[in-house]
Structures are given as C-alpha cells and as structure tokens.
Amino acid sequence: MKENIKQLSLEELTGVLASWKEPAFRAGQIFSWIYQKGADDFAGMSNLPQPLRRRLGENFCLSGLELASFRESLDGTKKFLFKLPDGKFIEAVNIPAQNRATGCISSQAGCKFACAFCASGALGFKRNLSSAEILDQVLYLKNDSSQALTHIVFMGTGEPLDNYDNVLKAVRIMNSDWAFNIGARRITISTCGLVPAIARLAEEGLQIELSVSLHAADDKVRDALMPVNKRYPIKELIDSCRKYINRTNRQVTFEYILARGVNSDLPNAGKLSKILAGLNCKVNLIPINPQKEEGLQPPSKRDILFFRDALVKSGVAVTLRRPRGQDIEAACGQLRLRYEKD
C-alpha cells in the first residue's frame, strides 16, 4: 500500500522532493493544498507541474476516514465515529461556540488505562493512531464545521502521551503556517498522568496547553478511579507538574470529574486545595456523564457549587464545565462502545 502523504512532516516532505530534484517551496504548496484547501487527490493541485503531480500519485495516497456513525446534539455538538482501514473505530467531536469551534480528537484506538469513568478503555487497547490518522480527524472536523476550527483538544479515545511521537508530530503539523496554522496555545494535550512523558513534554519548547486528569485528592480514591495512580501516585504526579510549570512557565489545568459519593464532598475539596497550593494551575470541574456500566452519577447542583466555592475560597482558580452533547453520548468512548457492542 502507498504511504499516506499526511504521515510526512514538512521537513520530511521537503527531503523527499529534494531527492526528486524538486525545489523546497513545493512542499509548502502541497501542504497548503492538503490542509488548507482540503484536496483529496494530487491531480487537482493546479500550481504543481504535471510530472510532479503524477509522481506524487505514484508514490503516495491521500486517503481519509470512513464515517461509520454520526450524531448531533440539540446543543449543536457533533460526534463522529470513524472506521479505520483495519476495522478499528475511533471518535471525534465538534464542539461549536460563538464564531469558533473546538475539535476533540482521538490518539489511539482503545485505551490501556481503564479509568472507571471513561468508556474508551472498556473494550481494551487496540493500537496507536498514526499521525496521518490524527490529522485526518482534524481535516474532517474542519471541513464539516460551519465555524472556524480554532481549538484542538486531545481528549478523545486513548492516552495521547502513550502515543507520544505520533501525537507530537501531528501537533507540529497542526501548528504549521502551511497547514492548519492553529496556535500552540489553542492545542491541549490531556493525560491521565504519565510522569516520564510529562517530563519529556516539558523539553519540547511548545506553548501547548497541558491538561492532567486528576479526579481525586488522595491515592485511595484515585487508585479506584484511575489504575495508573498505582504506578504514578498523586505526589509524584504533582511534583512532575510543578517541574513542568517551572520549565515552561505555563499554567497546568487539572481535570476533576465530580462523582456523587466518591470525590465531591467538602473534605475532598479541602484535600484538593492542599495538594494544589502554590501551583500555577486551574481546576476544571466536570460533573460526570452518567454511565450505566459503572453506576457513577453526578452530584446535585448544590453540592457541585459548594465544592467549587470551597476551592475558590482557598485560592484555587476554578472553571465549571458546562455539559455538552449528553443526549448523543458525547463522552469519551460512549458511541464507539455502543457501536462495537452492537
């Protein structure tokens, strides 16, 4: 099979063209056709010489994603289930806002980390996505969106830092002037807390947003919710985030799912305030999306506000995420889980 040309960085494509005795500027033209104009074949790249178009077609493909299922929420959120050539499934979500849209994309087919509140890992880990498969999600969302696709979050299926090289390659292409030209600060990588990868990310020199799934303020609760905590417990994770903040001078966001009777009372708010004291961070509170498989339910609105206010009073910056797409099972992995089970 031919290699998908979207697997190549601008530098790699420039190298291929140089070996063909083509000028370097052609790489930028090809990137522009693919990522800005949405070209799906080489023949239509009209500012390229005909022999080059033919040679590109002989050596590369421009294959995209096959849509397996689509659902649209009453709030405008759109969820797409894609079938990959090997039969695996991944999800992407388009979240519209005024004059812009956020694309939530996957980094793996399945997930290894089996968090209790997430459907992504319910059917196990399948494989990493290539950088081309990651970029194809962005292309699809960009072409589908009526608003400009301005933000990307790696919060779909999979653990982005477990597919480090492909994710970072895709991020750099998204950020390229010749491709999507999405500002680094508008790209968020979410992690369940892979400490060595956080340390590695701190050295990349990228101004991306780092979002860490914390979801508990003590190891006993986090062990139950997130098995990865047994490998990288909270103290080690917070220390790695502190080093990341000091190295990058960037604020870290801690995601905290609120589940009734699990982690959402005032004592837990006090513990959370204590472990985050002095960090340049904010906490994003997320009332859990109900999941029948685990029986986890969101707290009452009153308890959510009490939890938020306790953090604010202790000096922690807090946002409260407004639920989106609950009527279409927009939470990570839910549509794929239903589709594959059926």
# chains A, B, ... in the order shown; residues from 1 in each chain; ligands from 1
>>> select_by_dssp(residues="region 93-286 of chain A", states="alpha helix (DSSP H)", output="CSV table (one decimal) with N, CA and C atoms, in the first residue's frame")
chain,number,residue,atom,x,y,z
A,131,SER,N,0.2,9.5,12.8
A,131,SER,CA,0.0,11.0,12.8
A,131,SER,C,-1.0,11.4,11.7
A,132,ALA,N,-1.0,10.6,10.6
A,132,ALA,CA,-1.9,10.9,9.5
A,132,ALA,C,-3.4,10.6,9.9
A,133,GLU,N,-3.6,9.6,10.7
A,133,GLU,CA,-5.0,9.3,11.2
A,133,GLU,C,-5.4,10.4,12.2
A,134,ILE,N,-4.5,10.9,13.0
A,134,ILE,CA,-4.8,12.0,13.9
A,134,ILE,C,-5.2,13.3,13.0
A,135,LEU,N,-4.4,13.6,12.1
A,135,LEU,CA,-4.6,14.8,11.2
A,135,LEU,C,-5.9,14.6,10.4
A,136,ASP,N,-6.2,13.4,10.0
A,136,ASP,CA,-7.4,13.2,9.2
A,136,ASP,C,-8.7,13.6,10.0
A,137,GLN,N,-8.6,13.4,11.3
A,137,GLN,CA,-9.8,13.8,12.1
A,137,GLN,C,-9.9,15.3,12.1
A,138,VAL,N,-8.8,16.0,12.2
A,138,VAL,CA,-8.9,17.5,12.2
A,138,VAL,C,-9.4,17.9,10.9
A,139,LEU,N,-8.9,17.3,9.8
A,139,LEU,CA,-9.4,17.7,8.4
A,139,LEU,C,-10.9,17.5,8.3
A,140,TYR,N,-11.4,16.4,8.8
A,140,TYR,CA,-12.8,16.1,8.7
A,140,TYR,C,-13.6,17.1,9.5
A,141,LEU,N,-13.2,17.4,10.7
A,141,LEU,CA,-13.9,18.3,11.5
A,141,LEU,C,-13.9,19.7,10.9
A,142,LYS,N,-12.7,20.1,10.4
A,142,LYS,CA,-12.6,21.4,9.7
A,142,LYS,C,-13.5,21.5,8.5
A,143,ASN,N,-13.6,20.5,7.7
A,143,ASN,CA,-14.4,20.6,6.5
A,143,ASN,C,-15.9,20.5,6.9
A,144,ASP,N,-16.2,19.9,8.0
A,144,ASP,CA,-17.6,19.8,8.4
A,144,ASP,C,-18.1,21.0,9.1
A,164,TYR,N,3.2,9.1,22.1
A,164,TYR,CA,3.9,10.4,22.2
A,164,TYR,C,4.4,10.9,20.8
A,165,ASP,N,5.2,10.1,20.1
A,165,ASP,CA,5.8,10.6,18.9
A,165,ASP,C,4.8,11.0,17.8
A,166,ASN,N,3.8,10.2,17.6
A,166,ASN,CA,2.8,10.5,16.6
A,166,ASN,C,2.0,11.7,16.9
A,167,VAL,N,1.6,11.8,18.2
A,167,VAL,CA,0.9,13.0,18.7
A,167,VAL,C,1.7,14.3,18.5
A,168,LEU,N,2.9,14.3,18.9
A,168,LEU,CA,3.7,15.5,18.8
A,168,LEU,C,4.0,15.8,17.3
A,169,LYS,N,4.2,14.9,16.5
A,169,LYS,CA,4.3,15.1,15.1
A,169,LYS,C,3.1,15.8,14.5
A,170,ALA,N,1.9,15.2,14.9
A,170,ALA,CA,0.6,15.8,14.4
A,170,ALA,C,0.5,17.2,14.9
A,171,VAL,N,0.8,17.5,16.2
A,171,VAL,CA,0.7,18.8,16.8
A,171,VAL,C,1.5,19.8,16.0
A,172,ARG,N,2.7,19.5,15.7
A,172,ARG,CA,3.6,20.4,15.0
A,172,ARG,C,3.0,20.7,13.6
A,173,ILE,N,2.4,19.7,12.9
A,173,ILE,CA,1.8,20.0,11.6
A,173,ILE,C,0.6,20.9,11.8
A,174,MET,N,-0.3,20.6,12.8
A,174,MET,CA,-1.4,21.5,13.1
A,174,MET,C,-1.0,22.9,13.3
A,175,ASN,N,0.1,23.1,13.9
A,175,ASN,CA,0.7,24.4,14.3
A,175,ASN,C,1.3,25.1,13.1
A,195,VAL,N,4.0,10.3,34.1
A,195,VAL,CA,5.0,11.2,34.7
A,195,VAL,C,6.2,11.3,33.7
A,196,PRO,N,6.8,10.2,33.2
A,196,PRO,CA,8.0,10.4,32.4
A,196,PRO,C,7.7,11.2,31.1
A,197,ALA,N,6.5,11.0,30.6
A,197,ALA,CA,6.1,11.7,29.3
A,197,ALA,C,5.9,13.2,29.6
A,198,ILE,N,5.4,13.5,30.8
A,198,ILE,CA,5.2,14.9,31.2
A,198,ILE,C,6.6,15.6,31.2
A,199,ALA,N,7.5,14.9,31.8
A,199,ALA,CA,8.9,15.5,31.8
A,199,ALA,C,9.5,15.7,30.4
A,200,ARG,N,9.2,14.7,29.6
A,200,ARG,CA,9.7,14.8,28.2
A,200,ARG,C,9.0,16.0,27.5
A,201,LEU,N,7.7,16.1,27.7
A,201,LEU,CA,6.9,17.2,27.0
A,201,LEU,C,7.4,18.6,27.4
A,219,ASP,N,-4.7,9.1,47.3
A,219,ASP,CA,-4.4,7.9,46.4
A,219,ASP,C,-5.4,6.8,46.5
A,220,LYS,N,-6.1,6.6,47.6
A,220,LYS,CA,-7.0,5.5,47.7
A,220,LYS,C,-8.2,5.7,46.7
A,221,VAL,N,-8.7,6.9,46.7
A,221,VAL,CA,-9.8,7.2,45.7
A,221,VAL,C,-9.3,7.2,44.3
A,222,ARG,N,-8.1,7.8,44.1
A,222,ARG,CA,-7.6,7.8,42.7
A,222,ARG,C,-7.2,6.4,42.2
A,223,ASP,N,-6.7,5.6,43.1
A,223,ASP,CA,-6.4,4.2,42.7
A,223,ASP,C,-7.7,3.5,42.2
A,224,ALA,N,-8.8,3.7,42.8
A,224,ALA,CA,-10.1,3.1,42.4
A,224,ALA,C,-10.6,3.7,41.1
A,225,LEU,N,-10.4,5.0,40.9
A,225,LEU,CA,-10.9,5.6,39.7
A,225,LEU,C,-10.0,5.4,38.5
A,234,ILE,N,-0.2,10.3,43.4
A,234,ILE,CA,-0.5,11.7,43.3
A,234,ILE,C,0.7,12.6,43.6
A,235,LYS,N,1.5,12.3,44.7
A,235,LYS,CA,2.6,13.2,45.0
A,235,LYS,C,3.6,13.2,43.8
A,236,GLU,N,3.9,12.1,43.2
A,236,GLU,CA,4.8,12.0,42.1
A,236,GLU,C,4.3,12.8,40.9
A,237,LEU,N,3.0,12.7,40.7
A,237,LEU,CA,2.3,13.4,39.6
A,237,LEU,C,2.4,14.9,39.8
A,238,ILE,N,2.0,15.3,41.0
A,238,ILE,CA,2.0,16.8,41.3
A,238,ILE,C,3.4,17.3,41.2
A,239,ASP,N,4.4,16.6,41.7
A,239,ASP,CA,5.8,17.0,41.5
A,239,ASP,C,6.2,17.2,40.1
A,240,SER,N,5.8,16.3,39.2
A,240,SER,CA,6.1,16.4,37.8
A,240,SER,C,5.4,17.6,37.2
A,241,CYS,N,4.2,17.9,37.6
A,241,CYS,CA,3.5,19.0,37.1
A,241,CYS,C,4.2,20.3,37.6
A,242,ARG,N,4.7,20.3,38.8
A,242,ARG,CA,5.4,21.5,39.3
A,242,ARG,C,6.6,21.8,38.5
A,243,LYS,N,7.4,20.7,38.1
A,243,LYS,CA,8.6,20.9,37.3
A,243,LYS,C,8.2,21.3,35.9
A,244,TYR,N,7.1,20.8,35.4
A,244,TYR,CA,6.6,21.2,34.0
A,244,TYR,C,6.3,22.7,34.0
A,245,ILE,N,5.6,23.2,35.1
A,245,ILE,CA,5.2,24.6,35.2
A,245,ILE,C,6.5,25.5,35.3
A,246,ASN,N,7.5,25.1,36.1
A,246,ASN,CA,8.7,25.8,36.2
A,246,ASN,C,9.5,25.9,34.9
A,247,ARG,N,9.5,24.8,34.2
A,247,ARG,CA,10.3,24.7,33.0
A,247,ARG,C,9.6,25.5,31.8
A,248,THR,N,8.3,25.4,31.7
A,248,THR,CA,7.6,26.0,30.6
A,248,THR,C,7.0,27.4,30.9
A,266,LEU,N,-17.1,18.2,50.7
A,266,LEU,CA,-16.2,19.3,51.1
A,266,LEU,C,-14.8,18.8,51.7
A,267,PRO,N,-14.8,17.7,52.4
A,267,PRO,CA,-13.4,17.2,52.8
A,267,PRO,C,-12.5,16.9,51.6
A,268,ASN,N,-13.1,16.4,50.5
A,268,ASN,CA,-12.3,16.2,49.3
A,268,ASN,C,-11.9,17.5,48.7
A,269,ALA,N,-12.7,18.5,48.7
A,269,ALA,CA,-12.3,19.9,48.3
A,269,ALA,C,-11.2,20.4,49.1
A,270,GLY,N,-11.2,20.2,50.4
A,270,GLY,CA,-10.1,20.6,51.2
A,270,GLY,C,-8.8,19.9,50.9
A,271,LYS,N,-8.8,18.6,50.7
A,271,LYS,CA,-7.6,17.9,50.3
A,271,LYS,C,-7.1,18.4,49.0
A,272,LEU,N,-8.0,18.6,48.0
A,272,LEU,CA,-7.6,19.1,46.7
A,272,LEU,C,-6.9,20.4,46.8
A,273,SER,N,-7.5,21.4,47.6
A,273,SER,CA,-6.9,22.7,47.8
A,273,SER,C,-5.5,22.6,48.3
A,274,LYS,N,-5.3,21.6,49.2
A,274,LYS,CA,-4.0,21.5,49.9
A,274,LYS,C,-2.9,21.0,48.9
A,275,ILE,N,-3.2,20.0,48.1
A,275,ILE,CA,-2.2,19.4,47.2
A,275,ILE,C,-1.8,20.4,46.1
A,276,LEU,N,-2.8,21.3,45.8
A,276,LEU,CA,-2.5,22.2,44.6
A,276,LEU,C,-2.0,23.6,45.1
>>> residues_around(residues="Leu13 (chain A)", least_positions_apart="4", cutoff="10 Å", atoms="only C-alpha atoms", output="VMD selection string")
chain A and resid 5 to 9 17 to 19 24 26 to 28 30 to 31
>>> residues_around(residues="Arg55 (chain A)", least_positions_apart="4", cutoff="12 Å", atoms="only C-alpha atoms", output="list of chain:residue names")
A:Val16, A:Leu17, A:Trp20, A:Glu22, A:Phe42, A:Ala43, A:Leu48, A:Pro49, A:Gln50, A:Pro51, A:Asn59, A:Phe60, A:Cys61
>>> residues_around(residues="Phe306 (chain A)", least_positions_apart="3", cutoff="10 Å", atoms="only C-alpha atoms", output="compact mmCIF listing (two decimals) with C-alpha atoms, in the first residue's frame")
# COMPACT_ATOMS: atom_id res chain seq x y z
CA SER A 264 -17.28 15.54 45.52
CA ASP A 265 -17.78 16.45 49.19
CA LEU A 266 -16.19 19.31 51.14
CA ALA A 269 -12.34 19.87 48.26
CA SER A 300 -26.54 17.63 42.87
CA LYS A 301 -26.11 21.15 41.53
CA ARG A 302 -25.97 22.37 45.13
CA ASP A 303 -23.08 20.04 46.01
CA ASP A 309 -16.84 27.64 46.19
CA ALA A 310 -14.61 25.81 48.68
CA LEU A 311 -11.80 25.71 46.12
CA VAL A 312 -12.25 29.36 45.21
>>> closest_residue(among="A:Leu258, A:Leu129, A:Leu65, A:Leu305", to="Pro290 (chain A)", atoms="only C-alpha atoms")
A:Leu258
>>> residues_around(residues="Gly261 (chain A)", least_positions_apart="4", cutoff="10 Å", atoms="only C-alpha atoms", output="list in words")
Asp265, Leu296, Gln297, Pro298 and Pro299 of chain A
>>> residues_around(residues="Glu159 (chain A)", least_positions_apart="2", cutoff="8 Å", atoms="only C-alpha atoms", output="JSON, numbers by chain")
{"A": [107, 108, 111, 112, 113, 157, 161, 162, 163, 190, 191, 192]}
>>> write_last_selection(atoms="C-alpha atoms", output="PDB file, in the first residue's frame")
ATOM      1  CA  SER A 107      -4.946   9.491  19.694  1.00  0.00           C
ATOM      2  CA  GLN A 108      -5.421   5.721  19.987  1.00  0.00           C
ATOM      3  CA  CYS A 111      -7.031   2.688  25.689  1.00  0.00           C
ATOM      4  CA  LYS A 112      -4.789   0.806  28.114  1.00  0.00           C
ATOM      5  CA  PHE A 113      -5.588   2.738  31.270  1.00  0.00           C
ATOM      6  CA  THR A 157     -10.200   7.909  22.693  1.00  0.00           C
ATOM      7  CA  LEU A 161       1.224  10.723  25.845  1.00  0.00           C
ATOM      8  CA  ASP A 162       1.197   6.944  25.376  1.00  0.00           C
ATOM      9  CA  ASN A 163       1.390   7.654  21.626  1.00  0.00           C
ATOM     10  CA  SER A 190      -4.722  15.703  28.066  1.00  0.00           C
ATOM     11  CA  THR A 191      -3.037  12.954  30.055  1.00  0.00           C
ATOM     12  CA  CYS A 192      -4.037  10.526  32.773  1.00  0.00           C
TER      13      CYS A 192
END
>>> residues_around(residues="Val93 (chain A)", least_positions_apart="5", cutoff="10 Å", atoms="only C-alpha atoms", output="number ranges by chain")
A: 70-72, 77-81, 102-106, 137-138, 141, 153, 155-156, 325, 330-332
>>> select_by_dssp(residues="region 63-180 of chain A", states="strand (DSSP E)", output="PyMOL selection string")
chain A and resi 66-72+78-83+89-97+100-104+108-109+127-128+149-154
>>> write_last_selection(atoms="C-alpha atoms", output="mmCIF file, in the first residue's frame")
data_model
loop_
_atom_site.group_PDB
_atom_site.id
_atom_site.type_symbol
_atom_site.label_atom_id
_atom_site.label_comp_id
_atom_site.auth_asym_id
_atom_site.auth_seq_id
_atom_site.Cartn_x
_atom_site.Cartn_y
_atom_site.Cartn_z
ATOM 1 C CA GLU A 66 -14.633 6.369 6.647
ATOM 2 C CA LEU A 67 -17.626 7.662 8.584
ATOM 3 C CA ALA A 68 -19.376 4.803 10.407
ATOM 4 C CA SER A 69 -21.854 6.786 12.501
ATOM 5 C CA PHE A 70 -22.810 10.394 13.180
ATOM 6 C CA ARG A 71 -24.921 12.024 15.869
ATOM 7 C CA GLU A 72 -25.773 15.664 16.506
ATOM 8 C CA LYS A 78 -21.491 16.703 16.654
ATOM 9 C CA LYS A 79 -19.977 13.291 17.307
ATOM 10 C CA PHE A 80 -18.383 11.215 14.566
ATOM 11 C CA LEU A 81 -17.443 7.546 14.683
ATOM 12 C CA PHE A 82 -14.823 6.605 12.092
ATOM 13 C CA LYS A 83 -13.882 3.153 10.860
ATOM 14 C CA PHE A 89 -13.042 2.526 15.416
ATOM 15 C CA ILE A 90 -12.207 5.978 16.733
ATOM 16 C CA GLU A 91 -14.275 9.028 17.680
ATOM 17 C CA ALA A 92 -14.022 12.768 17.170
ATOM 18 C CA VAL A 93 -16.307 15.545 18.382
ATOM 19 C CA ASN A 94 -17.002 19.016 17.009
ATOM 20 C CA ILE A 95 -17.990 21.410 19.810
ATOM 21 C CA PRO A 96 -19.295 24.713 18.432
ATOM 22 C CA ALA A 97 -19.196 28.043 20.194
ATOM 23 C CA ARG A 100 -15.366 29.259 16.623
ATOM 24 C CA ALA A 101 -15.305 25.508 17.147
ATOM 25 C CA THR A 102 -13.224 23.061 19.164
ATOM 26 C CA GLY A 103 -12.265 19.688 17.781
ATOM 27 C CA CYS A 104 -11.934 16.850 20.288
ATOM 28 C CA GLN A 108 -5.421 5.721 19.987
ATOM 29 C CA ALA A 109 -7.930 3.047 19.067
ATOM 30 C CA ARG A 127 -3.336 0.257 18.666
ATOM 31 C CA ASN A 128 -1.797 3.697 18.340
ATOM 32 C CA LEU A 149 -11.968 25.220 13.756
ATOM 33 C CA THR A 150 -9.763 27.215 16.124
ATOM 34 C CA HIS A 151 -9.033 24.852 19.031
ATOM 35 C CA ILE A 152 -7.966 21.203 19.286
ATOM 36 C CA VAL A 153 -8.129 19.040 22.405
ATOM 37 C CA PHE A 154 -6.659 15.548 22.611
#
